[in-house]
Structure formats: structure tokens, C-alpha cells
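Undergrad: This is the content of coords.txt (compact mmCIF, C-alpha atoms):
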```txt
# COMPACT_ATOMS: atom_id res chain seq x y z
CA MET A 1 -15.91 132.47 110.69
CA LYS A 2 -14.87 128.97 111.63
CA GLY A 3 -17.06 126.85 113.89
CA VAL A 4 -15.68 125.55 117.17
CA ALA A 5 -15.47 122.04 115.73
CA ASP A 6 -13.32 123.27 112.82
CA GLU A 7 -10.59 124.42 115.18
CA PHE A 8 -9.95 120.84 116.31
CA MET A 9 -10.27 119.08 112.97
CA THR A 10 -7.23 117.76 111.13
CA LYS A 11 -6.92 118.30 107.40
CA TYR A 12 -7.95 114.67 106.96
CA ASP A 13 -11.11 115.24 109.03
CA LYS A 14 -11.95 118.31 106.97
CA GLU A 15 -11.47 116.50 103.67
CA ALA A 16 -13.62 113.58 104.81
CA ARG A 17 -16.30 116.00 106.01
CA LYS A 18 -16.33 117.77 102.63
CA GLU A 19 -16.82 114.45 100.84
CA MET A 20 -19.66 113.50 103.20
CA ILE A 21 -21.42 116.86 102.70
CA LYS A 22 -21.09 116.49 98.93
CA ALA A 23 -22.61 112.99 99.01
CA ALA A 24 -25.41 114.06 101.36
CA LEU A 25 -26.41 117.00 99.16
CA LEU A 26 -26.58 114.69 96.13
CA ASN A 27 -28.91 112.28 97.88
CA VAL A 28 -31.09 114.28 100.30
CA ASN A 29 -33.29 116.81 98.51
CA ILE A 30 -34.92 119.95 99.84
CA LEU A 31 -38.34 118.34 100.45
CA GLU A 32 -36.88 115.41 102.37
CA THR A 33 -34.91 117.91 104.45
CA ALA A 34 -38.01 119.94 105.29
CA VAL A 35 -40.18 116.93 106.19
CA ASN A 36 -37.77 114.42 107.74
CA ILE A 37 -35.28 116.76 109.42
CA LEU A 38 -37.38 119.83 110.26
CA GLY A 39 -40.64 117.93 110.76
CA LEU A 40 -42.73 120.20 108.51
CA THR A 41 -46.09 119.27 106.98
CA PRO A 42 -46.22 119.91 103.19
CA GLN A 43 -49.20 121.20 101.23
CA GLN A 44 -49.47 122.10 97.56
CA TYR A 45 -48.88 125.79 96.93
CA THR A 46 -50.48 126.16 93.47
CA ASN A 47 -51.69 123.85 90.70
CA ASN A 48 -48.05 123.60 89.72
CA ARG A 49 -46.71 120.67 91.75
CA ARG A 50 -43.23 122.09 91.48
CA PHE A 51 -43.90 124.44 94.41
CA ILE A 52 -44.61 123.32 97.98
CA LYS A 53 -45.69 125.30 101.06
CA PHE A 54 -46.09 124.13 104.66
CA VAL A 55 -48.79 124.16 107.31
CA GLU A 56 -46.33 125.44 109.92
CA SER A 57 -45.00 128.39 107.88
CA SER A 58 -46.77 130.26 105.08
CA SER A 59 -43.59 132.22 104.29
CA LEU A 60 -41.59 129.13 103.32
CA VAL A 61 -41.81 127.87 99.71
CA LEU A 62 -39.86 125.02 98.12
CA ASP A 63 -39.00 124.93 94.44
CA LEU A 64 -38.59 121.22 93.76
CA LYS A 65 -37.18 121.71 90.27
CA SER A 66 -34.24 123.83 91.45
CA ASN A 67 -34.01 121.92 94.77
CA ARG A 68 -34.03 125.23 96.66
CA ALA A 69 -36.12 126.93 99.34
CA PHE A 70 -37.30 130.53 99.55
CA TYR A 71 -37.98 131.84 103.03
CA ASN A 72 -39.46 135.35 103.04
CA LYS A 73 -38.38 135.89 106.63
CA TYR A 74 -34.77 135.93 105.45
CA GLY A 75 -35.06 137.68 102.10
CA SER A 76 -35.30 136.39 98.54
CA SER A 77 -32.09 134.34 98.45
CA ALA A 78 -32.40 130.69 97.40
CA LEU A 79 -31.53 128.30 100.22
CA SER A 80 -29.85 124.91 99.93
CA PRO A 81 -30.98 122.07 102.25
CA ILE A 82 -28.26 123.03 104.76
CA ASP A 83 -29.14 126.73 104.52
CA LEU A 84 -32.77 125.85 105.16
CA ILE A 85 -31.90 123.98 108.36
CA LYS A 86 -29.72 126.89 109.47
CA GLU A 87 -32.31 129.62 108.85
CA TYR A 88 -35.46 127.78 109.91
CA SER A 89 -33.96 126.41 113.15
CA ASN A 90 -31.82 129.50 113.83
CA LEU A 91 -28.60 127.50 114.02
CA SER A 92 -25.01 128.27 113.19
CA LEU A 93 -23.70 126.89 109.91
CA THR A 94 -21.64 124.27 111.76
CA GLN A 95 -24.69 123.15 113.76
CA ALA A 96 -26.81 122.96 110.61
CA VAL A 97 -24.18 120.88 108.80
CA ASN A 98 -23.89 118.55 111.80
CA GLN A 99 -27.64 118.03 111.88
CA PHE A 100 -27.77 117.37 108.15
CA LEU A 101 -24.88 114.88 108.27
CA LYS A 102 -26.30 113.12 111.34
CA TYR A 103 -29.55 112.52 109.47
CA TYR A 104 -27.72 111.35 106.34
CA SER A 105 -25.43 108.99 108.26
CA ASN A 106 -28.36 107.29 110.02
CA ARG A 107 -30.82 107.48 107.11
CA ASN A 108 -32.37 104.11 106.38
CA PRO A 109 -34.64 104.32 103.32
CA GLU A 110 -36.45 101.20 104.58
CA GLU A 111 -37.76 103.30 107.47
CA ALA A 112 -37.70 106.92 106.27
CA GLU A 113 -40.05 108.31 103.63
CA ILE A 114 -38.05 109.45 100.61
CA PHE A 115 -39.59 112.23 98.49
CA HIS A 116 -39.18 112.42 94.72
CA TYR A 117 -39.99 115.01 92.07
CA ASP A 118 -40.21 114.03 88.42
CA PRO A 119 -40.57 116.99 86.02
CA LEU A 120 -40.94 114.61 83.07
CA LYS A 121 -44.09 112.93 84.46
CA ASP A 122 -46.49 115.85 84.80
CA GLN A 123 -44.26 117.24 87.57
CA GLU A 124 -45.19 114.27 89.73
CA VAL A 125 -44.31 114.25 93.44
CA TYR A 126 -44.31 110.83 95.05
CA VAL A 127 -43.07 109.11 98.20
CA SER A 128 -41.23 105.81 98.47
CA ARG A 129 -39.72 103.51 101.02
CA GLY A 130 -36.81 101.25 100.22
CA LEU A 131 -34.67 100.85 97.12
CA LEU A 132 -35.96 102.02 93.74
CA LEU A 133 -33.82 100.65 90.94
CA PRO A 134 -33.78 102.30 87.48
CA GLU A 135 -35.36 100.56 84.53
CA PRO A 136 -33.00 98.11 82.79
CA ASN A 137 -31.93 98.56 79.19
CA LYS A 138 -32.78 95.89 76.63
CA ASP A 139 -29.13 94.77 76.75
CA ASP A 140 -26.00 95.57 78.75
CA VAL A 141 -23.47 95.83 75.90
CA GLN A 142 -22.32 99.40 76.62
CA ALA A 143 -21.99 98.86 80.36
CA VAL A 144 -20.10 95.58 79.94
CA ASN A 145 -17.73 97.15 77.41
CA TYR A 146 -17.10 100.05 79.78
CA LEU A 147 -16.16 97.73 82.64
CA ARG A 148 -14.03 95.49 80.43
CA GLU A 149 -12.33 98.01 78.14
CA THR A 150 -12.17 101.25 80.14
CA ARG A 151 -11.99 99.94 83.70
CA ARG A 152 -10.20 96.69 82.76
CA ILE A 153 -12.41 94.58 85.01
CA SER A 154 -11.87 90.88 84.34
CA GLU A 155 -14.41 88.93 82.31
CA TYR A 156 -15.01 86.38 85.07
CA VAL A 157 -15.79 89.16 87.58
CA ILE A 158 -18.28 90.79 85.18
CA ASN A 159 -19.95 87.43 84.56
CA TYR A 160 -20.17 86.75 88.30
CA ILE A 161 -21.95 90.00 89.18
CA ARG A 162 -24.27 89.67 86.13
CA GLU A 163 -25.24 86.10 86.99
CA ASN A 164 -25.86 87.00 90.64
CA GLY A 165 -28.11 89.99 89.90
CA MET A 166 -25.57 92.51 91.15
CA PHE A 167 -25.09 94.43 87.90
CA TYR A 168 -27.04 95.59 84.85
CA GLU A 169 -27.28 98.52 82.41
CA ASP A 170 -30.09 101.07 82.72
CA THR A 171 -31.90 102.87 79.88
CA TYR A 172 -29.41 105.77 80.11
CA HIS A 173 -26.57 103.23 79.60
CA ASN A 174 -25.24 103.62 83.15
CA CYS A 175 -23.77 100.70 85.06
CA VAL A 176 -26.12 99.84 87.93
CA PHE A 177 -24.63 97.94 90.87
CA VAL A 178 -26.93 96.27 93.39
CA GLY A 179 -26.02 95.04 96.86
CA GLU A 180 -27.95 92.71 99.18
CA ASP A 181 -28.09 92.75 102.98
CA HIS A 182 -27.47 89.75 105.24
CA GLU A 183 -31.00 88.48 104.57
CA GLY A 184 -30.56 88.55 100.80
CA LYS A 185 -32.74 91.63 100.32
CA GLN A 186 -31.66 94.24 97.78
CA LYS A 187 -30.93 97.42 99.73
CA PHE A 188 -27.94 99.11 98.07
CA GLY A 189 -27.81 100.51 94.57
CA CYS A 190 -25.53 102.95 92.75
CA LYS A 191 -25.08 104.14 89.18
CA ARG A 192 -21.84 104.78 87.32
CA GLY A 193 -21.72 106.54 83.95
CA THR A 194 -20.15 104.73 81.01
CA ILE A 195 -18.81 107.68 79.01
CA PRO A 196 -15.00 107.80 79.46
CA ASN A 197 -13.64 110.98 81.06
CA VAL A 198 -17.17 112.08 82.08
CA LYS A 199 -17.66 111.44 85.78
CA PHE A 200 -21.16 110.43 86.77
CA GLN A 201 -21.86 108.54 89.98
CA ARG A 202 -25.10 108.54 91.96
CA ASP A 203 -26.78 106.41 94.58
CA CYS A 204 -30.01 104.86 93.37
CA SER A 205 -33.11 106.31 94.97
CA GLY A 206 -33.73 104.76 98.37
CA SER A 207 -30.31 103.10 98.54
CA PHE A 208 -29.19 102.17 102.05
CA LYS A 209 -25.56 103.09 101.68
CA ASN A 210 -24.42 101.33 104.87
CA CYS A 211 -25.35 97.99 103.29
CA GLY A 212 -22.72 98.43 100.58
CA PHE A 213 -21.75 96.00 97.84
CA PHE A 214 -20.70 92.76 99.56
CA ILE A 215 -19.13 89.82 97.74
CA PRO A 216 -18.75 86.85 100.09
CA ASN A 217 -16.00 84.31 99.70
CA ARG A 218 -17.15 80.75 99.15
CA PHE A 219 -14.74 79.64 101.87
CA PRO A 220 -14.99 80.37 105.64
CA VAL A 221 -12.21 82.96 105.50
CA LYS A 222 -11.09 85.38 108.24
CA LYS A 223 -10.07 88.40 106.19
CA LEU A 224 -12.17 91.28 104.89
CA VAL A 225 -11.06 93.67 102.14
CA ILE A 226 -12.94 96.97 102.10
CA THR A 227 -12.83 99.53 99.28
CA GLU A 228 -14.43 102.96 99.01
CA CYS A 229 -16.42 102.20 95.86
CA VAL A 230 -17.80 99.31 93.84
CA ILE A 231 -15.37 99.73 90.92
CA ASP A 232 -12.46 99.34 93.35
CA ALA A 233 -14.03 96.20 94.82
CA LEU A 234 -14.30 94.73 91.33
CA SER A 235 -10.71 95.82 90.65
CA TYR A 236 -9.48 93.94 93.71
CA LEU A 237 -11.24 90.80 92.52
CA SER A 238 -9.79 91.27 89.03
CA LEU A 239 -6.29 91.47 90.52
CA ASN A 240 -6.90 88.27 92.48
CA PRO A 241 -8.52 85.77 90.08
CA SER A 242 -8.14 82.84 92.49
CA LEU A 243 -9.12 84.76 95.62
CA ILE A 244 -9.63 82.24 98.43
CA ASP A 245 -8.69 84.21 101.54
CA ALA A 246 -11.02 87.21 101.81
CA HIS A 247 -14.51 88.62 101.60
CA VAL A 248 -14.78 91.91 99.66
CA LEU A 249 -16.92 94.92 100.60
CA GLY A 250 -17.40 98.00 98.40
CA ALA A 251 -18.64 101.15 100.14
CA SER A 252 -20.26 104.29 98.73
CA GLY A 253 -17.38 106.71 99.30
CA ALA A 254 -14.61 107.11 101.86
CA GLY A 255 -16.87 109.09 104.17
CA THR A 256 -19.36 106.24 104.49
CA ALA A 257 -16.85 103.36 104.47
CA PRO A 258 -16.49 103.06 108.29
CA ASN A 259 -20.29 102.98 108.76
CA THR A 260 -20.57 100.41 105.96
CA LEU A 261 -18.01 98.24 107.73
CA TRP A 262 -19.74 98.52 111.11
CA TYR A 263 -23.15 97.67 109.66
CA ASN A 264 -21.87 94.60 107.82
CA TYR A 265 -19.71 93.43 110.72
CA GLY A 266 -22.74 93.64 112.98
CA THR A 267 -25.18 91.85 110.68
CA ARG A 268 -23.29 89.28 108.61
CA GLU A 269 -22.56 85.99 110.31
CA CYS A 270 -19.62 85.28 107.99
CA LEU A 271 -17.77 88.34 109.37
CA LYS A 272 -18.10 87.48 113.07
CA ASN A 273 -14.73 85.71 113.21
CA ILE A 274 -12.58 87.87 110.94
CA ASN A 275 -9.12 88.66 112.30
CA GLU A 276 -7.85 90.93 109.50
CA ILE A 277 -9.17 93.96 107.63
CA VAL A 278 -7.36 95.37 104.60
CA THR A 279 -8.42 98.88 103.57
CA CYS A 280 -8.08 99.70 99.87
CA PHE A 281 -8.86 103.40 99.92
CA ASP A 282 -7.75 106.21 97.63
CA CYS A 283 -4.41 107.88 98.27
CA ASP A 284 -5.86 111.11 99.65
CA GLU A 285 -6.95 112.74 102.91
CA ALA A 286 -10.43 111.20 102.87
CA GLY A 287 -9.00 107.71 102.34
CA LEU A 288 -6.50 108.12 105.16
CA HIS A 289 -9.21 109.43 107.47
CA ALA A 290 -11.45 106.43 106.73
CA HIS A 291 -8.56 104.04 107.46
CA GLU A 292 -7.82 105.77 110.77
CA LYS A 293 -11.50 105.64 111.77
CA ILE A 294 -11.48 101.87 111.27
CA VAL A 295 -8.26 101.52 113.30
CA GLU A 296 -9.85 103.56 116.11
CA TRP A 297 -13.00 101.42 116.01
CA VAL A 298 -10.99 98.22 116.39
CA LYS A 299 -9.04 99.66 119.35
CA GLU A 300 -12.08 101.14 121.09
CA ASN A 301 -13.95 97.84 120.88
CA ASN A 302 -10.88 95.78 121.80
CA LEU A 303 -11.35 93.54 118.78
CA PRO A 304 -8.71 90.92 117.86
CA ILE A 305 -8.44 92.29 114.34
CA LYS A 306 -5.36 93.46 112.47
CA VAL A 307 -5.96 96.49 110.23
CA SER A 308 -3.58 97.23 107.36
CA LYS A 309 -3.52 99.21 104.12
CA PHE A 310 -3.38 97.66 100.68
CA GLU A 311 0.14 97.78 99.26
CA PHE A 312 0.33 99.21 95.76
CA ASP A 313 3.39 97.14 94.79
CA GLY A 314 5.29 98.62 91.88
CA ALA A 315 2.81 101.44 91.26
CA LEU A 316 4.26 103.90 88.78
CA ASN A 317 2.39 107.02 89.80
CA MET A 318 1.17 107.29 93.38
CA ARG A 319 -0.44 110.67 92.82
CA LYS A 320 -3.10 112.12 95.09
CA GLY A 321 -6.35 110.28 94.53
CA TYR A 322 -4.63 107.18 93.11
CA ASP A 323 -6.95 104.23 93.63
CA LEU A 324 -7.23 100.51 93.14
CA ASN A 325 -8.72 100.83 89.67
CA ASP A 326 -5.81 103.06 88.59
CA TYR A 327 -3.52 100.31 89.85
CA LEU A 328 -5.43 97.63 87.94
CA ILE A 329 -5.34 99.64 84.71
CA GLU A 330 -1.61 100.27 85.15
CA ARG A 331 -0.96 96.56 85.67
CA ARG A 332 -3.02 95.60 82.62
CA GLU A 333 -1.20 98.15 80.44
CA GLN A 334 2.13 96.71 81.57
CA GLU A 335 0.91 93.21 80.72
CA ASP A 336 -0.32 94.41 77.31
CA TYR A 337 3.07 95.98 76.59
CA ILE A 338 4.97 92.84 77.56
CA ALA A 339 2.65 90.71 75.43
CA MET A 340 3.08 93.07 72.48
CA MET A 341 6.89 92.97 72.78
CA LYS A 342 6.87 89.17 72.91
CA GLU A 343 4.65 89.06 69.84
CA THR A 344 6.98 91.47 68.02
CA VAL A 345 10.01 89.32 68.88
CA GLN A 346 8.19 86.19 67.70
CA ASP A 347 7.19 87.88 64.42
CA ASN A 348 10.81 88.90 63.81
CA GLU A 349 12.00 85.35 64.47
CA ASN A 350 9.45 83.99 62.02
CA VAL A 351 10.58 86.46 59.36
CA ASN A 352 14.23 85.47 59.89
CA GLU A 353 13.34 81.80 59.51
CA LEU A 354 11.59 82.48 56.21
CA GLU A 355 14.61 84.34 54.90
```
Could you rewrite the structure in this file as C-alpha cells?
TA:
Amino acid sequence: MKGVADEFMTKYDKEARKEMIKAALLNVNILETAVNILGLTPQQYTNNRRFIKFVESSSLVLDLKSNRAFYNKYGSSALSPIDLIKEYSNLSLTQAVNQFLKYYSNRNPEEAEIFHYDPLKDQEVYVSRGLLLPEPNKDDVQAVNYLRETRRISEYVINYIRENGMFYEDTYHNCVFVGEDHEGKQKFGCKRGTIPNVKFQRDCSGSFKNCGFFIPNRFPVKKLVITECVIDALSYLSLNPSLIDAHVLGASGAGTAPNTLWYNYGTRECLKNINEIVTCFDCDEAGLHAHEKIVEWVKENNLPIKVSKFEFDGALNMRKGYDLNDYLIERREQEDYIAMMKETVQDNENVNELE
């Protein structure tokens, strides 16, 4: 049965909501849900730290390894974080999802306690505040090669983010991207796998997603380019090697892009006087929804800012989900082909001269 809210949602709203739910479930575990959303007080169930019970309810048990809850009151079925909110608070599914997303959207790891479970360290359970970055690898060869060869990010862009502490390779050979807030404090972190055709992308533990990955222009410019992920932000910079007219902001997904924009607009002095925002989102429902949310925000606040979409000039395949990195790769492949043809022509001319 559809919730009341579903009846009034466009297909773009629904797609954006799905993406937000997916991101929230990846980043908010069952213990954080129980403590920070439901306000429960945890206590160890047995000598095995994997299982947690609560002072307020002896019939509720969390299995931290499977990231599921078991609530005897409602049978033996395993509950996801959203299911737990629904059953424990006696809410409809729509209400439970709304509560979960509201928490996730406003979650600031600098203020909220984030709970972790590590089965590899004697099933350790620990609490943190703020960003926890993964351990760096002894070198960043695999991550750099991935950005340069697979993603076709320009060498000067890679060097810039390396030199400014915004990128490194972790011990699992993932790319780690780090973003600072307006005070220069590291608050945003995300990981991207480096194995081609194997999608792996996660926020680092304690990442404040609204901070995003901000690359300021060295000039006092009045344009902001916003993308829905870090790779797209780096792709924009790679397409514009002499960029002198815009700041660039990479978000952590289309669903969080509007909030990332609002947070940065409200905290960064260099964005106070911008008069143009260019959205470089994926060609899908979630991307369109994020663009429309930004347009609405500008209108509602009566801001003197023009909002436009990035123009994929000459794109060969504007399929659903087409993004800025696809565009960059396409452009580089065209350039490689032209260079190869010129080299072939030159080789033929040299052979003719020798004959």
C-alpha cells in the first residue's frame, strides 16, 4: 500500500528518494539507529560483543555482524534499520522512512556519536565523533593509475589534490578523497574502488556529507559548478585546464547535492557573491530532481543567481545515467583517435619520402 506522500511524488522525487534511502542504509547502521534515533540505552547481551540488548526492552536484540535487529514482540524476522524504527515506534513504513531520512539528512558526525563494529578486532564495538579516515597505503600507485588511465583525470588535477591533502590510497587500494570545511578542518571523506567494472563507493566513517569536496578558485569568481560526486568534480577540472571563472563543489550523491550546496553557500565567504550556479548532474531522474531543488531554493530565497545545467556538447551517447566522467572519457578517446590518425598519416608520409 502506498503512503500518502507517495501519491503526490513525481517519478523524479521517487528516484531521488530511493537514492537517498540507499545512501542512508549504507552509512547508518542498526546500533546508531537504535541509540540516536530511538533513544535506546545499549547493554552487552552476552560475552560475544556481536549481540546488543537494551535497558528499555529485553525483547530487542541487535546482531551487529549482520546489521539486523530481532524483536521478539514481532516474531523472528530480521529487521533492517528502517524496519526497526517502524516496529519499535509503531509507525507506518512511510513515517519510518521519513524519520530515518530526516536523521540522515541532518546528521553531523561532529555532534552525533557514531557506533562501529569491527569483527576483525576481537569483535570490538567503539564510538567516535568526527571523521575517521582509513589507513594510507605505503604508496598511491594503483589509485593514481586508476584516476589517470580508467577515469582519464588529468595529471595536473591529480597532482593538485595529492599536494593539498585531498587524495590518497588506502591499504585496500581504494581512492580516498578528503574535503575540508570553511575553517580548513577535514570533515568529508569518501572511498572509491580502483578495480575497473567493479563499483565500490562508500563514505568514510564519520564523514559530514554536507561539507562535500570543495575546490576553490584562486580568483574571486562569481560562478559555482556543482557535481554529484568527486570523480565528476575532477572530470570538470580536467575538461577545463585553465579554469579561471568558477569554484567547484563535489557532493556525495544527487540526493545530498542540494544540502551540500546550502551548507557551503551558508558557510564559505567566497560563495557569498556568486551569481551563477551550473549543475553537472547525471542524466537521470535523481539528477533532474536535484537540479530542480536548487532552482526552487534560489526562487524561494529570492537570490540573484542564475541556475543552468552543464551542456554536454557533442556527446555521442546521452543514455540514462550519462555523467561528466563519461563525457570526459568520450572526449579523451576522440582525442586519442585523432592523434593516432595524425601519427599514421605522418608515418605514411615518412615511408613515401624514403621510397
Undergrad: At most 12 Å from (-46.4, 122.2, 102.3), file frame, only C-alpha atoms: which residues, as a ChimeraX atom specification?
TA: /A:30-32,34-35,39-46,49-64,69
Undergrad: Mind giving me the straight-line distance from atom CA of Leu324 of chain A to atom CA of Asp282 of chain A in Å, one decimal?
TA: 7.3 Å
Undergrad: Residues within 6 Å of segment 201-204 of chain A, please, as number ranges by chain. Count only C-alpha atoms; anything in the same chain fewer than 4 positions from it doesn't count.
TA: A: 189-192
Undergrad: Show me, as a PyMOL selection string, the residues that have an atom within 12 Å of Tyr327 of chain A when counting all atoms listed in the file, minus same-chain residues fewer than 5 positions from it.
TA: chain A and resi 151-153+231-232+235-236+238-239+280-283+310-319+321-322+332-334
Undergrad: Take the residues that were just selected and, keeping C-alpha atoms, output them as a compact mmCIF listing (two decimals), in the coordinates of the input.
TA:
```txt
# COMPACT_ATOMS: atom_id res chain seq x y z
CA ARG A 151 -11.99 99.94 83.70
CA ARG A 152 -10.20 96.69 82.76
CA ILE A 153 -12.41 94.58 85.01
CA ILE A 231 -15.37 99.73 90.92
CA ASP A 232 -12.46 99.34 93.35
CA SER A 235 -10.71 95.82 90.65
CA TYR A 236 -9.48 93.94 93.71
CA SER A 238 -9.79 91.27 89.03
CA LEU A 239 -6.29 91.47 90.52
CA CYS A 280 -8.08 99.70 99.87
CA PHE A 281 -8.86 103.40 99.92
CA ASP A 282 -7.75 106.21 97.63
CA CYS A 283 -4.41 107.88 98.27
CA PHE A 310 -3.38 97.66 100.68
CA GLU A 311 0.14 97.78 99.26
CA PHE A 312 0.33 99.21 95.76
CA ASP A 313 3.39 97.14 94.79
CA GLY A 314 5.29 98.62 91.88
CA ALA A 315 2.81 101.44 91.26
CA LEU A 316 4.26 103.90 88.78
CA ASN A 317 2.39 107.02 89.80
CA MET A 318 1.17 107.29 93.38
CA ARG A 319 -0.44 110.67 92.82
CA GLY A 321 -6.35 110.28 94.53
CA TYR A 322 -4.63 107.18 93.11
CA ARG A 332 -3.02 95.60 82.62
CA GLU A 333 -1.20 98.15 80.44
CA GLN A 334 2.13 96.71 81.57
```
Undergrad: Restricting the calculation to all atoms listed in the file, which member of A:Lys138, A:Lys306, A:Lys86, A:Arg268 is positioned closest to Glu183 of chain A?
TA: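 Result for the nearest residue to Glu183 of chain A: A:Arg268.
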Undergrad: Return the single residue from A:Ala339, A:Ile158, A:Ile226, A:Leu93 that is closest to Gly287 of chain A, with distances computed using all atoms listed in the file.
TA: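 Smallest separation from Gly287 of chain A among the options: A:Ile226.
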